[in-house]
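Q: What follows is a structure written as structure tokens; I'll ask about it next.
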Amino acid sequence: MPDALEASPYDALLLLSFGGPEGPDDVVPFLENVTRGRGIPKERLKEVGQHYFLFGGVSPINDQNRALLDALREDFAGHGLDLPVYWGNRNWAPYLADTLREMTADGRRRVLVLATSAYASYSGCRQYRENLADALAALEAEGLQPPKVDKLRHYFNHPGFVEPMVDGVLRSLADLPEDVRDGAHIAFTTHSIPTSAADTSGPAEAHGDGGAYVAQHLDVARLVADAVRERTGVDHPWRLVYQSRSGAPHIPWLEPDICDHLAERHAAGVPAVVMAPIGFVSDHMEVLYDLDTEATAKAEELGLPVRRSATVGADPRFAAAVRDLVLERAGAERGREVTRCALGELGASHDLCPVGCCPARAPRPAAAGADSPYA
């Protein structure tokens, strides 16, 4: 096998995702997993779960992960990369600990982890690493010797992640009525998080106003907007906005909210808006409800034409990007010079999360970082 397609020292890839319910009876137990330790009453969880019940109690995220698994396996096989791909979730079956137990039984000793979150933040990176540490500790408590795990770097600015989003915005613009198309604004959306979490996202040197979380999203938004201008000849104004806020109302979160932004744009005379969910890998519940349902209803109330562009999902270019990231990290681990593919101004992210990167709310062990107890 050519060295370029050599994955050693790794012998498996783990797709690590959030998980979601797959039927009405799953909704409350799933939300109990998500909110464990916060003391939220079951009745309140039933209220929160109404978003899921609107869709039959089924989140699309698991099916979308199955599609991504198929795309990754097809891409790897088609390019001669002999690397098995497993799947585990943080909050629903297949659970992360069960998958790591399976991988241990299969003899996997060195595992790369692909998290379905492209950006730096506590909830988008370190919390995944904490869950990995919890699962590894559980296996060790059972007397097993789990594999060593390394997490792939943030891929927000990899061409294989950016280009499908560019195409999604172009398709959405083309779908708008011709008389409002050129005047349309683009609302790049991502998950709102507490401003305190944003300000401490990324390595310590990136901490500050919005931290790495906001900086990375702004970099991607510029990349997409610039590509749209180059391909259409039209300079569409844009803004980074937020969605899916939760938590106590007195705690500051990133703003503006997408619905407030749509109202403001309409009041300013903007003829149409394309909502581009750059913060999400796939069309999971927060995209289906917060954008396709809630924000779209707000736009209809305003009489504002909107379109929602597609997320990356299982696009073959994203699968190819994952292959590229795997080979890049494997080569670096073997001591080779590697080309790190990245667009925009920020460059390629770090391989190993440094101490102080996206600090935890309370001290907890986290795997796959410089402070990992699982070296």
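Labels for the structure tokens follow display order: chains A, B, ..., residues from 1 in each chain, ligands from 1.
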Residues of region 100-190 of chain A within 12 Å of region 72-86 of chain A: nearest atom pair and distance (Å, one decimal) for each, counting only C-alpha atoms, sorted by chain and number, as JSON lines?

A:
{"residue": "A:Leu100", "atom": "CA", "partner": "A:Tyr86", "partner_atom": "CA", "distance": 8.9}
{"residue": "A:Arg101", "atom": "CA", "partner": "A:Tyr86", "partner_atom": "CA", "distance": 11.3}
{"residue": "A:Glu102", "atom": "CA", "partner": "A:Tyr86", "partner_atom": "CA", "distance": 9.1}
{"residue": "A:Met103", "atom": "CA", "partner": "A:Tyr86", "partner_atom": "CA", "distance": 7.9}
{"residue": "A:Thr104", "atom": "CA", "partner": "A:Tyr86", "partner_atom": "CA", "distance": 11.7}
{"residue": "A:Asp106", "atom": "CA", "partner": "A:Pro84", "partner_atom": "CA", "distance": 10.6}
{"residue": "A:Gly107", "atom": "CA", "partner": "A:Pro84", "partner_atom": "CA", "distance": 11.8}
{"residue": "A:Arg108", "atom": "CA", "partner": "A:Pro84", "partner_atom": "CA", "distance": 9.7}
{"residue": "A:Arg110", "atom": "CA", "partner": "A:Leu83", "partner_atom": "CA", "distance": 11.3}
{"residue": "A:Val111", "atom": "CA", "partner": "A:Val85", "partner_atom": "CA", "distance": 9.8}
{"residue": "A:Leu112", "atom": "CA", "partner": "A:Val85", "partner_atom": "CA", "distance": 9.6}
{"residue": "A:Val113", "atom": "CA", "partner": "A:Tyr86", "partner_atom": "CA", "distance": 9.5}
{"residue": "A:Leu114", "atom": "CA", "partner": "A:Val85", "partner_atom": "CA", "distance": 10.0}

Q: Please list as a list in words every residue within 6 Å of region 201-210 of chain A, counting only C-alpha atoms and excluding residues in the same chain fewer than 5 positions away.

A: Ala120, Ser121, Gly356, Cys357 and Cys358 of chain A

Q: Mind the document's chain letters and residue numbers, and return as a PyMOL selection string the residues of region 72-165 of chain A that DSSP labels helix (DSSP H, G or I).

A: chain A and resi 72-78+96-105+122-141+159-165

Q: Mind giving me the straight-line distance from CA of Val162 (chain A) to CA of Asp351 (chain A) in Å, one decimal?

A: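 Answer for the CA of Val162 (chain A) to CA of Asp351 (chain A) separation: 19.6 Å.
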
Q: Which residue is closest to Thr35 (chain A)? Choose from A:Gln216, A:Thr311, A:Asn91, A:Thr195 and count only C-alpha atoms.

A: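 Comparing A:Gln216, A:Thr311, A:Asn91, A:Thr195 against Thr35 (chain A), the winner is A:Asn91.
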
Q: Skipping near chain neighbours, those fewer than 6 positions away, what residues fall within 12 Å of Asp235 (chain A) using only C-alpha atoms, listed as number ranges by chain?

A: A: 181-186, 222, 224-229

Q: Considering only C-alpha atoms, return as number ranges by chain whatever protein or nucleic-acid residues lie within 10 Å of Pro159 (chain A), sequence-local ones (same chain, fewer than 5 positions apart) excluded.

A: A: 164-165, 223, 317-318, 320-321, 341-344

Q: Which residue, A:His217, A:Arg329, A:Arg36, A:Arg239, has the smallest gap to Pro256 (chain A) when you use only C-alpha atoms?

A: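 Nearest candidate to Pro256 (chain A) out of A:His217, A:Arg329, A:Arg36, A:Arg239: A:Arg239.
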
Q: Do you know which residues are at most 9 Å from Ser282 (chain A) counting only C-alpha atoms, after dropping those on the same chain fewer than 5 positions away, and could you put them as an MDAnalysis selection string?

A: chainID A and resid 60:61 64:65 116 287 310:314

Q: Tell me which of A:Arg129, A:Ser123, A:Ala263, A:Val322 sits closest to Glu301 (chain A), counting only C-alpha atoms.

A: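 Answer, going by the shortest atom-to-atom distance: A:Ala263.
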
Q: Would you mind reading off the distance between CA of Val180 (chain A) and CA of Met285 (chain A), one decimal, in Å?

A: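 It comes out at 29.0 Å.
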
Q: Taking only C-alpha atoms into account, name the residue in A:Ala187, A:Ala272, A:Ile258, A:Val234 that is nearest to Asp290 (chain A).

A: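 The answer is A:Ile258, which sits nearest to Asp290 (chain A).
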
Q: Nearest residue to Leu136 (chain A) out of A:Val58, A:Ala97, A:Val28, A:Pro354, using only C-alpha atoms?

A: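 Of A:Val58, A:Ala97, A:Val28, A:Pro354, the one nearest Leu136 (chain A), counting only C-alpha atoms, is A:Ala97.
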
Q: Would you pick out the contacts of Ala362 (chain A) at 12 Å or less, using only C-alpha atoms, so that residues sharing its chain but fewer than 6 positions from it are not included, and give the list as a ChimeraX atom specification?

A: /A:122,126-127,130
